[in-house]
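**Student:** So that you have it, the file is target-v6.txt, and it contains compact mmCIF, N, CA, C and O atoms:
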```
# COMPACT_ATOMS: atom_id res chain seq x y z
N MET E 25 10.32 7.71 7.59
CA MET E 25 8.91 8.01 7.73
C MET E 25 8.14 6.70 7.89
O MET E 25 8.35 5.76 7.13
N ALA E 26 7.29 6.64 8.84
CA ALA E 26 6.48 5.44 9.05
C ALA E 26 5.37 5.38 8.01
O ALA E 26 5.07 6.37 7.34
N THR E 27 4.77 4.21 7.89
CA THR E 27 3.64 4.09 6.98
C THR E 27 2.50 4.98 7.50
O THR E 27 2.45 5.30 8.68
N VAL E 28 1.61 5.36 6.59
CA VAL E 28 0.50 6.25 6.92
C VAL E 28 -0.80 5.47 6.86
O VAL E 28 -1.05 4.76 5.87
N ALA E 29 -1.63 5.58 7.88
CA ALA E 29 -2.95 4.95 7.86
C ALA E 29 -3.88 5.82 7.02
O ALA E 29 -4.00 7.02 7.26
N VAL E 30 -4.50 5.21 6.03
CA VAL E 30 -5.40 5.94 5.13
C VAL E 30 -6.80 5.36 5.27
O VAL E 30 -6.97 4.15 5.43
N THR E 31 -7.79 6.24 5.20
CA THR E 31 -9.19 5.82 5.30
C THR E 31 -9.87 6.06 3.96
O THR E 31 -9.30 6.68 3.06
N ASP E 32 -11.11 5.59 3.86
CA ASP E 32 -11.88 5.87 2.65
C ASP E 32 -11.95 7.39 2.41
O ASP E 32 -11.86 7.85 1.28
N ALA E 33 -12.08 8.15 3.50
CA ALA E 33 -12.23 9.61 3.39
C ALA E 33 -10.94 10.30 2.94
O ALA E 33 -10.99 11.34 2.27
N THR E 34 -9.78 9.73 3.27
CA THR E 34 -8.52 10.38 2.94
C THR E 34 -7.80 9.74 1.76
O THR E 34 -6.73 10.19 1.36
N PHE E 35 -8.39 8.69 1.16
CA PHE E 35 -7.72 7.93 0.10
C PHE E 35 -7.30 8.81 -1.07
O PHE E 35 -6.15 8.78 -1.50
N ASP E 36 -8.22 9.60 -1.60
CA ASP E 36 -7.89 10.43 -2.77
C ASP E 36 -6.77 11.42 -2.46
O ASP E 36 -5.83 11.56 -3.23
N ALA E 37 -6.88 12.10 -1.32
CA ALA E 37 -5.88 13.11 -0.97
C ALA E 37 -4.50 12.48 -0.72
O ALA E 37 -3.48 13.00 -1.19
N GLU E 38 -4.47 11.36 -0.01
CA GLU E 38 -3.19 10.73 0.35
C GLU E 38 -2.58 9.92 -0.79
O GLU E 38 -1.36 9.80 -0.88
N VAL E 39 -3.42 9.35 -1.64
CA VAL E 39 -2.92 8.43 -2.67
C VAL E 39 -2.98 9.04 -4.07
O VAL E 39 -1.96 9.23 -4.72
N ARG E 40 -4.16 9.35 -4.53
CA ARG E 40 -4.33 9.81 -5.92
C ARG E 40 -3.72 11.19 -6.16
O ARG E 40 -3.31 11.49 -7.27
N GLN E 41 -3.66 12.04 -5.13
CA GLN E 41 -3.15 13.39 -5.31
C GLN E 41 -1.72 13.56 -4.79
O GLN E 41 -1.23 14.68 -4.70
N SER E 42 -1.05 12.47 -4.50
CA SER E 42 0.32 12.54 -3.98
C SER E 42 1.29 12.99 -5.06
O SER E 42 1.16 12.63 -6.23
N ASP E 43 2.30 13.77 -4.65
CA ASP E 43 3.34 14.24 -5.56
C ASP E 43 4.36 13.15 -5.87
O ASP E 43 5.10 13.25 -6.84
N ILE E 44 4.44 12.14 -4.99
CA ILE E 44 5.40 11.04 -5.20
C ILE E 44 4.61 9.72 -5.32
O ILE E 44 3.45 9.66 -4.91
N PRO E 45 5.23 8.68 -5.89
CA PRO E 45 4.53 7.39 -5.99
C PRO E 45 4.10 6.89 -4.61
O PRO E 45 4.75 7.16 -3.60
N VAL E 46 2.99 6.15 -4.59
CA VAL E 46 2.42 5.65 -3.34
C VAL E 46 2.20 4.14 -3.46
O VAL E 46 1.63 3.67 -4.44
N VAL E 47 2.65 3.41 -2.44
CA VAL E 47 2.34 1.99 -2.33
C VAL E 47 1.20 1.88 -1.33
O VAL E 47 1.30 2.38 -0.21
N VAL E 48 0.10 1.26 -1.75
CA VAL E 48 -1.06 1.06 -0.88
C VAL E 48 -1.11 -0.40 -0.47
O VAL E 48 -1.11 -1.29 -1.32
N ASP E 49 -1.15 -0.63 0.84
CA ASP E 49 -1.27 -1.98 1.40
C ASP E 49 -2.68 -2.12 1.96
O ASP E 49 -3.03 -1.48 2.94
N PHE E 50 -3.50 -2.94 1.31
CA PHE E 50 -4.82 -3.26 1.83
C PHE E 50 -4.65 -4.46 2.76
O PHE E 50 -4.16 -5.51 2.33
N TRP E 51 -5.04 -4.31 4.03
CA TRP E 51 -4.77 -5.32 5.05
C TRP E 51 -5.91 -5.40 6.05
O TRP E 51 -6.84 -4.60 6.01
N ALA E 52 -5.81 -6.36 6.98
CA ALA E 52 -6.75 -6.48 8.09
C ALA E 52 -6.01 -7.04 9.30
O ALA E 52 -5.01 -7.75 9.16
N GLU E 53 -6.53 -6.73 10.47
CA GLU E 53 -5.92 -7.14 11.73
C GLU E 53 -5.85 -8.67 11.84
O GLU E 53 -4.90 -9.22 12.38
N TRP E 54 -6.84 -9.37 11.32
CA TRP E 54 -6.92 -10.83 11.45
C TRP E 54 -6.11 -11.60 10.40
O TRP E 54 -6.06 -12.82 10.40
N CYS E 55 -5.48 -10.88 9.49
CA CYS E 55 -4.79 -11.49 8.34
C CYS E 55 -3.33 -11.79 8.68
O CYS E 55 -2.52 -10.87 8.82
N GLY E 56 -3.00 -13.08 8.81
CA GLY E 56 -1.63 -13.50 9.14
C GLY E 56 -0.59 -13.00 8.14
O GLY E 56 0.42 -12.40 8.54
N PRO E 57 -0.79 -13.24 6.83
CA PRO E 57 0.20 -12.76 5.85
C PRO E 57 0.36 -11.24 5.86
O PRO E 57 1.45 -10.73 5.62
N CYS E 58 -0.72 -10.52 6.19
CA CYS E 58 -0.63 -9.05 6.28
C CYS E 58 0.33 -8.66 7.40
O CYS E 58 1.14 -7.75 7.24
N LYS E 59 0.23 -9.38 8.51
CA LYS E 59 1.11 -9.09 9.65
C LYS E 59 2.56 -9.48 9.33
O LYS E 59 3.48 -8.88 9.85
N GLN E 60 2.74 -10.48 8.45
CA GLN E 60 4.10 -10.88 8.07
C GLN E 60 4.80 -9.78 7.30
O GLN E 60 5.99 -9.55 7.50
N ILE E 61 4.10 -9.10 6.40
CA ILE E 61 4.76 -8.08 5.57
C ILE E 61 4.76 -6.70 6.22
O ILE E 61 5.47 -5.81 5.77
N GLY E 62 4.00 -6.52 7.29
CA GLY E 62 3.92 -5.22 7.96
C GLY E 62 5.27 -4.64 8.34
O GLY E 62 5.58 -3.50 7.99
N PRO E 63 6.12 -5.40 9.06
CA PRO E 63 7.43 -4.86 9.44
C PRO E 63 8.30 -4.48 8.24
O PRO E 63 9.00 -3.47 8.26
N ALA E 64 8.25 -5.29 7.17
CA ALA E 64 9.03 -4.98 5.97
C ALA E 64 8.56 -3.67 5.35
O ALA E 64 9.37 -2.84 4.92
N LEU E 65 7.25 -3.46 5.33
CA LEU E 65 6.73 -2.21 4.77
C LEU E 65 7.14 -1.01 5.61
O LEU E 65 7.45 0.06 5.07
N GLU E 66 7.16 -1.18 6.93
CA GLU E 66 7.62 -0.09 7.82
C GLU E 66 9.08 0.25 7.53
O GLU E 66 9.45 1.42 7.42
N GLU E 67 9.92 -0.78 7.39
CA GLU E 67 11.34 -0.56 7.10
C GLU E 67 11.51 0.11 5.73
O GLU E 67 12.30 1.05 5.59
N LEU E 68 10.79 -0.38 4.73
CA LEU E 68 10.91 0.20 3.39
C LEU E 68 10.43 1.64 3.36
O LEU E 68 10.98 2.47 2.65
N SER E 69 9.42 1.94 4.16
CA SER E 69 8.92 3.31 4.23
C SER E 69 10.01 4.26 4.69
O SER E 69 10.18 5.35 4.15
N ALA E 70 10.80 3.83 5.67
CA ALA E 70 11.90 4.65 6.18
C ALA E 70 13.05 4.69 5.17
O ALA E 70 13.62 5.75 4.89
N GLU E 71 13.39 3.52 4.61
CA GLU E 71 14.53 3.43 3.70
C GLU E 71 14.29 4.18 2.38
O GLU E 71 15.23 4.68 1.77
N MET E 72 13.04 4.24 1.94
CA MET E 72 12.73 4.85 0.65
C MET E 72 12.06 6.22 0.80
O MET E 72 11.46 6.73 -0.15
N GLU E 73 12.17 6.79 1.99
CA GLU E 73 11.55 8.09 2.27
C GLU E 73 11.96 9.13 1.22
O GLU E 73 13.11 9.22 0.84
N GLY E 74 10.96 9.87 0.74
CA GLY E 74 11.21 10.90 -0.26
C GLY E 74 11.06 10.39 -1.68
O GLY E 74 10.81 11.15 -2.60
N ARG E 75 11.20 9.06 -1.86
CA ARG E 75 11.05 8.46 -3.19
C ARG E 75 9.68 7.84 -3.38
O ARG E 75 9.17 7.76 -4.48
N VAL E 76 9.12 7.33 -2.27
CA VAL E 76 7.82 6.66 -2.31
C VAL E 76 7.16 6.80 -0.93
O VAL E 76 7.84 6.88 0.08
N LYS E 77 5.84 6.85 -0.94
CA LYS E 77 5.08 6.89 0.32
C LYS E 77 4.34 5.56 0.43
O LYS E 77 3.77 5.08 -0.55
N ILE E 78 4.40 4.94 1.60
CA ILE E 78 3.71 3.67 1.82
C ILE E 78 2.57 3.91 2.80
O ILE E 78 2.77 4.43 3.89
N VAL E 79 1.37 3.55 2.35
CA VAL E 79 0.17 3.75 3.17
C VAL E 79 -0.54 2.41 3.37
O VAL E 79 -0.39 1.49 2.58
N LYS E 80 -1.31 2.35 4.45
CA LYS E 80 -2.04 1.13 4.79
C LYS E 80 -3.53 1.45 4.92
O LYS E 80 -3.89 2.43 5.55
N VAL E 81 -4.35 0.59 4.31
CA VAL E 81 -5.80 0.74 4.40
C VAL E 81 -6.36 -0.52 5.06
O VAL E 81 -6.24 -1.62 4.52
N ASN E 82 -6.97 -0.35 6.24
CA ASN E 82 -7.62 -1.45 6.93
C ASN E 82 -8.95 -1.73 6.23
O ASN E 82 -9.85 -0.90 6.26
N VAL E 83 -9.07 -2.90 5.60
CA VAL E 83 -10.25 -3.19 4.78
C VAL E 83 -11.51 -3.38 5.60
O VAL E 83 -12.62 -3.18 5.10
N ASP E 84 -11.38 -3.77 6.86
CA ASP E 84 -12.56 -3.93 7.71
C ASP E 84 -13.15 -2.58 8.10
O ASP E 84 -14.37 -2.43 8.16
N GLU E 85 -12.29 -1.60 8.34
CA GLU E 85 -12.75 -0.27 8.75
C GLU E 85 -13.06 0.62 7.56
O GLU E 85 -13.76 1.62 7.70
N ASN E 86 -12.51 0.30 6.40
CA ASN E 86 -12.65 1.13 5.20
C ASN E 86 -12.97 0.25 3.99
O ASN E 86 -12.11 -0.03 3.17
N PRO E 87 -14.22 -0.18 3.86
CA PRO E 87 -14.56 -1.14 2.79
C PRO E 87 -14.68 -0.52 1.39
O PRO E 87 -14.60 -1.24 0.40
N ASN E 88 -14.86 0.78 1.28
CA ASN E 88 -15.11 1.38 -0.04
C ASN E 88 -13.87 1.41 -0.93
O ASN E 88 -13.97 1.08 -2.12
N SER E 89 -12.73 1.79 -0.39
CA SER E 89 -11.51 1.88 -1.21
C SER E 89 -11.12 0.53 -1.81
O SER E 89 -10.89 0.44 -3.02
N PRO E 90 -11.08 -0.55 -1.01
CA PRO E 90 -10.73 -1.83 -1.62
C PRO E 90 -11.78 -2.30 -2.63
O PRO E 90 -11.44 -2.90 -3.65
N ALA E 91 -13.05 -1.99 -2.37
CA ALA E 91 -14.10 -2.38 -3.32
C ALA E 91 -13.90 -1.66 -4.65
O ALA E 91 -14.01 -2.27 -5.72
N GLN E 92 -13.57 -0.38 -4.61
CA GLN E 92 -13.33 0.39 -5.83
C GLN E 92 -12.12 -0.14 -6.58
O GLN E 92 -12.09 -0.08 -7.81
N MET E 93 -11.14 -0.68 -5.86
CA MET E 93 -9.92 -1.19 -6.50
C MET E 93 -10.07 -2.64 -6.93
O MET E 93 -9.16 -3.21 -7.52
N GLY E 94 -11.18 -3.27 -6.61
CA GLY E 94 -11.39 -4.66 -6.98
C GLY E 94 -10.60 -5.65 -6.14
O GLY E 94 -10.29 -6.74 -6.60
N VAL E 95 -10.27 -5.26 -4.92
CA VAL E 95 -9.51 -6.14 -4.03
C VAL E 95 -10.38 -7.32 -3.62
O VAL E 95 -11.47 -7.14 -3.10
N ARG E 96 -9.88 -8.53 -3.87
CA ARG E 96 -10.62 -9.75 -3.53
C ARG E 96 -9.94 -10.54 -2.42
O ARG E 96 -10.57 -11.37 -1.77
N GLY E 97 -8.66 -10.33 -2.22
CA GLY E 97 -7.91 -11.01 -1.18
C GLY E 97 -6.84 -10.08 -0.63
O GLY E 97 -6.46 -9.12 -1.29
N ILE E 98 -6.41 -10.37 0.59
CA ILE E 98 -5.39 -9.52 1.21
C ILE E 98 -4.26 -10.40 1.73
O ILE E 98 -4.48 -11.58 1.99
N PRO E 99 -3.05 -9.88 1.86
CA PRO E 99 -2.69 -8.50 1.54
C PRO E 99 -2.71 -8.25 0.02
O PRO E 99 -2.37 -9.13 -0.76
N ALA E 100 -3.12 -7.04 -0.32
CA ALA E 100 -3.10 -6.61 -1.72
C ALA E 100 -2.32 -5.30 -1.77
O ALA E 100 -2.63 -4.36 -1.03
N LEU E 101 -1.32 -5.26 -2.61
CA LEU E 101 -0.46 -4.07 -2.73
C LEU E 101 -0.65 -3.44 -4.10
O LEU E 101 -0.69 -4.14 -5.11
N PHE E 102 -0.78 -2.13 -4.11
CA PHE E 102 -0.93 -1.37 -5.35
C PHE E 102 0.09 -0.24 -5.36
O PHE E 102 0.31 0.39 -4.34
N VAL E 103 0.69 0.03 -6.52
CA VAL E 103 1.55 1.19 -6.67
C VAL E 103 0.79 2.21 -7.52
O VAL E 103 0.34 1.89 -8.63
N PHE E 104 0.65 3.41 -6.99
CA PHE E 104 0.03 4.52 -7.70
C PHE E 104 1.12 5.51 -8.10
O PHE E 104 1.99 5.83 -7.30
N LYS E 105 1.05 5.98 -9.32
CA LYS E 105 1.97 7.00 -9.81
C LYS E 105 1.12 8.01 -10.57
O LYS E 105 0.35 7.63 -11.45
N ASN E 106 1.23 9.27 -10.21
CA ASN E 106 0.42 10.33 -10.82
C ASN E 106 -1.07 10.00 -10.75
O ASN E 106 -1.82 10.24 -11.70
N GLY E 107 -1.50 9.42 -9.63
CA GLY E 107 -2.91 9.16 -9.40
C GLY E 107 -3.45 7.90 -10.05
O GLY E 107 -4.63 7.58 -9.90
N GLU E 108 -2.62 7.16 -10.78
CA GLU E 108 -3.07 5.97 -11.49
C GLU E 108 -2.33 4.73 -10.98
O GLU E 108 -1.16 4.80 -10.61
N VAL E 109 -3.01 3.59 -11.01
CA VAL E 109 -2.37 2.33 -10.64
C VAL E 109 -1.40 1.93 -11.75
O VAL E 109 -1.77 1.88 -12.92
N VAL E 110 -0.13 1.69 -11.38
CA VAL E 110 0.85 1.24 -12.37
C VAL E 110 1.25 -0.22 -12.15
O VAL E 110 1.79 -0.85 -13.05
N SER E 111 0.95 -0.76 -10.96
CA SER E 111 1.27 -2.16 -10.69
C SER E 111 0.49 -2.61 -9.46
O SER E 111 0.15 -1.78 -8.60
N ASN E 112 0.23 -3.91 -9.39
CA ASN E 112 -0.38 -4.45 -8.18
C ASN E 112 0.12 -5.87 -7.96
O ASN E 112 0.60 -6.53 -8.87
N LYS E 113 0.00 -6.30 -6.70
CA LYS E 113 0.56 -7.59 -6.29
C LYS E 113 -0.28 -8.10 -5.13
O LYS E 113 -0.69 -7.33 -4.28
N ALA E 114 -0.55 -9.39 -5.13
CA ALA E 114 -1.34 -9.99 -4.06
C ALA E 114 -0.48 -10.98 -3.28
O ALA E 114 0.39 -11.63 -3.85
N GLY E 115 -0.74 -11.07 -1.99
CA GLY E 115 -0.05 -12.05 -1.16
C GLY E 115 1.21 -11.52 -0.51
O GLY E 115 1.71 -10.46 -0.87
N ALA E 116 1.69 -12.28 0.45
CA ALA E 116 2.90 -11.91 1.18
C ALA E 116 4.13 -12.28 0.38
O ALA E 116 4.11 -13.17 -0.46
N ALA E 117 5.21 -11.56 0.62
CA ALA E 117 6.50 -11.82 -0.02
C ALA E 117 7.60 -11.31 0.89
O ALA E 117 7.36 -10.46 1.75
N PRO E 118 8.83 -11.81 0.72
CA PRO E 118 9.94 -11.31 1.53
C PRO E 118 10.22 -9.83 1.22
O PRO E 118 9.88 -9.34 0.14
N LYS E 119 10.85 -9.17 2.17
CA LYS E 119 11.14 -7.74 2.02
C LYS E 119 11.88 -7.44 0.72
O LYS E 119 11.53 -6.49 0.01
N ALA E 120 12.89 -8.23 0.38
CA ALA E 120 13.67 -7.97 -0.84
C ALA E 120 12.80 -8.04 -2.09
O ALA E 120 12.96 -7.24 -3.02
N ALA E 121 11.86 -8.98 -2.11
CA ALA E 121 10.96 -9.11 -3.26
C ALA E 121 10.02 -7.91 -3.35
O ALA E 121 9.78 -7.39 -4.44
N ILE E 122 9.51 -7.47 -2.22
CA ILE E 122 8.62 -6.30 -2.21
C ILE E 122 9.40 -5.06 -2.65
O ILE E 122 8.92 -4.28 -3.47
N GLN E 123 10.62 -4.90 -2.13
CA GLN E 123 11.43 -3.75 -2.50
C GLN E 123 11.74 -3.76 -4.00
O GLN E 123 11.64 -2.73 -4.66
N GLY E 124 12.10 -4.92 -4.54
CA GLY E 124 12.37 -5.03 -5.97
C GLY E 124 11.17 -4.66 -6.81
O GLY E 124 11.28 -3.94 -7.81
N TRP E 125 10.00 -5.12 -6.40
CA TRP E 125 8.75 -4.81 -7.10
C TRP E 125 8.47 -3.30 -7.06
O TRP E 125 8.10 -2.71 -8.07
N ILE E 126 8.67 -2.69 -5.90
CA ILE E 126 8.45 -1.24 -5.78
C ILE E 126 9.42 -0.49 -6.68
O ILE E 126 9.02 0.41 -7.42
N GLU E 127 10.69 -0.87 -6.62
CA GLU E 127 11.72 -0.19 -7.44
C GLU E 127 11.37 -0.26 -8.93
O GLU E 127 11.51 0.71 -9.66
N GLU E 128 10.93 -1.44 -9.39
CA GLU E 128 10.55 -1.60 -10.80
C GLU E 128 9.34 -0.73 -11.15
O GLU E 128 9.23 -0.25 -12.28
N SER E 129 8.44 -0.56 -10.20
CA SER E 129 7.17 0.13 -10.47
C SER E 129 7.26 1.65 -10.44
O SER E 129 6.47 2.32 -11.08
N ILE E 130 8.22 2.16 -9.65
CA ILE E 130 8.28 3.62 -9.53
C ILE E 130 9.25 4.19 -10.52
O ILE E 130 9.30 5.33 -10.81
```
Is it possible to express this structure as structure tokens?
**Tutor:**
Amino acid sequence: MATVAVTDATFDAEVRQSDIPVVVDFWAEWCGPCKQIGPALEELSAEMEGRVKIVKVNVDENPNSPAQMGVRGIPALFVFKNGEVVSNKAGAAPKAAIQGWIEESI
């Protein structure tokens, strides 16, 4: 399953009300580190299908969700479980590090 684009309007339904854990990637088109981790998140989304859902929120197009989460820099990753944040991480990292962090969090 590919990552899902989430907007301010769909954030609650896609993230907070999800039956499985959700990784939220707050990103922007102009952000170099965001583009570095994008392919890894796409691969992890497919590899971890059914165990976790990975969604992406473009902060330029959807400013409310990152503001509510207190996002100050991107990329910013959050893991939601049962509608609550259980972990968060800022900055780019290699795929293995991101996968390890997700595994620990879910």
**Student:** Counting only C-alpha atoms, figure out which residue out of E:Pro99, E:Thr31, E:Lys119, E:Asp36 gets nearest to Cys58 of chain E.
**Tutor:**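 Ranked by minimum distance to Cys58 of chain E, first place goes to E:Pro99.
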**Student:** Grab the atom N of Val109 of chain E to atom N of Pro87 of chain E distance for me, in Å with one decimal place.
**Tutor:** 19.0 Å
**Student:** Do you know which residues are at most 8 Å from Asn82 of chain E counting only N, CA, C and O atoms, after dropping those on the same chain fewer than 6 positions away, and could you put them as a list of chain:residue names?
**Tutor:**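 In the requested form, the answer reads E:Val28, E:Ala29, E:Val30, E:Thr31, E:Asp32, E:Asp49, E:Phe50, E:Trp51, E:Ala52, E:Glu53, E:Asn88, E:Ser89, E:Pro90.
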**Student:** Next, write the just-selected residues to a file, as a PDB file, in the coordinates of the input, keeping N, CA, C and O atoms as the atom set.
**Tutor:**
```pdb
ATOM      1  N   VAL E  28       1.610   5.360   6.590  1.00  0.00           N
ATOM      2  CA  VAL E  28       0.500   6.250   6.920  1.00  0.00           C
ATOM      3  C   VAL E  28      -0.800   5.470   6.860  1.00  0.00           C
ATOM      4  O   VAL E  28      -1.050   4.760   5.870  1.00  0.00           O
ATOM      5  N   ALA E  29      -1.630   5.580   7.880  1.00  0.00           N
ATOM      6  CA  ALA E  29      -2.950   4.950   7.860  1.00  0.00           C
ATOM      7  C   ALA E  29      -3.880   5.820   7.020  1.00  0.00           C
ATOM      8  O   ALA E  29      -4.000   7.020   7.260  1.00  0.00           O
ATOM      9  N   VAL E  30      -4.500   5.210   6.030  1.00  0.00           N
ATOM     10  CA  VAL E  30      -5.400   5.940   5.130  1.00  0.00           C
ATOM     11  C   VAL E  30      -6.800   5.360   5.270  1.00  0.00           C
ATOM     12  O   VAL E  30      -6.970   4.150   5.430  1.00  0.00           O
ATOM     13  N   THR E  31      -7.790   6.240   5.200  1.00  0.00           N
ATOM     14  CA  THR E  31      -9.190   5.820   5.300  1.00  0.00           C
ATOM     15  C   THR E  31      -9.870   6.060   3.960  1.00  0.00           C
ATOM     16  O   THR E  31      -9.300   6.680   3.060  1.00  0.00           O
ATOM     17  N   ASP E  32     -11.110   5.590   3.860  1.00  0.00           N
ATOM     18  CA  ASP E  32     -11.880   5.870   2.650  1.00  0.00           C
ATOM     19  C   ASP E  32     -11.950   7.390   2.410  1.00  0.00           C
ATOM     20  O   ASP E  32     -11.860   7.850   1.280  1.00  0.00           O
ATOM     21  N   ASP E  49      -1.150  -0.630   0.840  1.00  0.00           N
ATOM     22  CA  ASP E  49      -1.270  -1.980   1.400  1.00  0.00           C
ATOM     23  C   ASP E  49      -2.680  -2.120   1.960  1.00  0.00           C
ATOM     24  O   ASP E  49      -3.030  -1.480   2.940  1.00  0.00           O
ATOM     25  N   PHE E  50      -3.500  -2.940   1.310  1.00  0.00           N
ATOM     26  CA  PHE E  50      -4.820  -3.260   1.830  1.00  0.00           C
ATOM     27  C   PHE E  50      -4.650  -4.460   2.760  1.00  0.00           C
ATOM     28  O   PHE E  50      -4.160  -5.510   2.330  1.00  0.00           O
ATOM     29  N   TRP E  51      -5.040  -4.310   4.030  1.00  0.00           N
ATOM     30  CA  TRP E  51      -4.770  -5.320   5.050  1.00  0.00           C
ATOM     31  C   TRP E  51      -5.910  -5.400   6.050  1.00  0.00           C
ATOM     32  O   TRP E  51      -6.840  -4.600   6.010  1.00  0.00           O
ATOM     33  N   ALA E  52      -5.810  -6.360   6.980  1.00  0.00           N
ATOM     34  CA  ALA E  52      -6.750  -6.480   8.090  1.00  0.00           C
ATOM     35  C   ALA E  52      -6.010  -7.040   9.300  1.00  0.00           C
ATOM     36  O   ALA E  52      -5.010  -7.750   9.160  1.00  0.00           O
ATOM     37  N   GLU E  53      -6.530  -6.730  10.470  1.00  0.00           N
ATOM     38  CA  GLU E  53      -5.920  -7.140  11.730  1.00  0.00           C
ATOM     39  C   GLU E  53      -5.850  -8.670  11.840  1.00  0.00           C
ATOM     40  O   GLU E  53      -4.900  -9.220  12.380  1.00  0.00           O
ATOM     41  N   ASN E  88     -14.860   0.780   1.280  1.00  0.00           N
ATOM     42  CA  ASN E  88     -15.110   1.380  -0.040  1.00  0.00           C
ATOM     43  C   ASN E  88     -13.870   1.410  -0.930  1.00  0.00           C
ATOM     44  O   ASN E  88     -13.970   1.080  -2.120  1.00  0.00           O
ATOM     45  N   SER E  89     -12.730   1.790  -0.390  1.00  0.00           N
ATOM     46  CA  SER E  89     -11.510   1.880  -1.210  1.00  0.00           C
ATOM     47  C   SER E  89     -11.120   0.530  -1.810  1.00  0.00           C
ATOM     48  O   SER E  89     -10.890   0.440  -3.020  1.00  0.00           O
ATOM     49  N   PRO E  90     -11.080  -0.550  -1.010  1.00  0.00           N
ATOM     50  CA  PRO E  90     -10.730  -1.830  -1.620  1.00  0.00           C
ATOM     51  C   PRO E  90     -11.780  -2.300  -2.630  1.00  0.00           C
ATOM     52  O   PRO E  90     -11.440  -2.900  -3.650  1.00  0.00           O
TER      53      PRO E  90
END
```
**Student:** Tell me which of E:Val95, E:Lys105, E:Thr27, E:Glu71 sits closest to Ile44 of chain E, counting all atoms listed in the file.
**Tutor:**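 Smallest distance to Ile44 of chain E is found for E:Lys105.
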**Student:** Which polymer residues have any atom within 7 Å of an atom of Ala26 of chain E, counting only C-alpha atoms, with same-chain residues fewer than 2 positions away left out, as a ChimeraX atom specification?
**Tutor:** /E:28,66,69-70
**Student:** Because the input lacks atoms here, generate all heavy atoms for segment 76-81 of chain E and report them as a CSV table (one decimal), keeping the file's coordinate frame.
**Tutor:**
```csv
chain,number,residue,atom,x,y,z
E,76,VAL,N,9.1,7.3,-2.3
E,76,VAL,CA,7.8,6.7,-2.3
E,76,VAL,C,7.2,6.8,-0.9
E,76,VAL,O,7.8,6.9,0.1
E,76,VAL,CB,8.0,5.2,-2.7
E,76,VAL,CG1,8.7,4.4,-1.6
E,76,VAL,CG2,6.6,4.5,-3.0
E,77,LYS,N,5.8,6.8,-0.9
E,77,LYS,CA,5.1,6.9,0.3
E,77,LYS,C,4.3,5.6,0.4
E,77,LYS,O,3.8,5.1,-0.6
E,77,LYS,CB,4.1,8.1,0.3
E,77,LYS,CG,3.2,8.1,1.5
E,77,LYS,CD,2.4,9.4,1.6
E,77,LYS,CE,1.4,9.7,0.5
E,77,LYS,NZ,0.6,10.9,0.8
E,78,ILE,N,4.4,4.9,1.6
E,78,ILE,CA,3.7,3.7,1.8
E,78,ILE,C,2.6,3.9,2.8
E,78,ILE,O,2.8,4.4,3.9
E,78,ILE,CB,4.7,2.6,2.3
E,78,ILE,CG1,5.8,2.4,1.3
E,78,ILE,CG2,3.9,1.3,2.6
E,78,ILE,CD1,6.8,1.3,1.7
E,79,VAL,N,1.4,3.6,2.4
E,79,VAL,CA,0.2,3.8,3.2
E,79,VAL,C,-0.5,2.4,3.4
E,79,VAL,O,-0.4,1.5,2.6
E,79,VAL,CB,-0.8,4.8,2.5
E,79,VAL,CG1,-0.1,6.1,2.3
E,79,VAL,CG2,-1.4,4.3,1.3
E,80,LYS,N,-1.3,2.4,4.4
E,80,LYS,CA,-2.0,1.1,4.8
E,80,LYS,C,-3.5,1.4,4.9
E,80,LYS,O,-3.9,2.4,5.6
E,80,LYS,CB,-1.5,0.5,6.1
E,80,LYS,CG,0.0,0.1,6.0
E,80,LYS,CD,0.5,-0.2,7.4
E,80,LYS,CE,0.1,-1.6,7.8
E,80,LYS,NZ,0.7,-2.7,7.2
E,81,VAL,N,-4.4,0.6,4.3
E,81,VAL,CA,-5.8,0.7,4.4
E,81,VAL,C,-6.4,-0.5,5.1
E,81,VAL,O,-6.2,-1.6,4.5
E,81,VAL,CB,-6.4,0.9,3.0
E,81,VAL,CG1,-8.0,1.0,3.1
E,81,VAL,CG2,-5.9,2.2,2.3
```
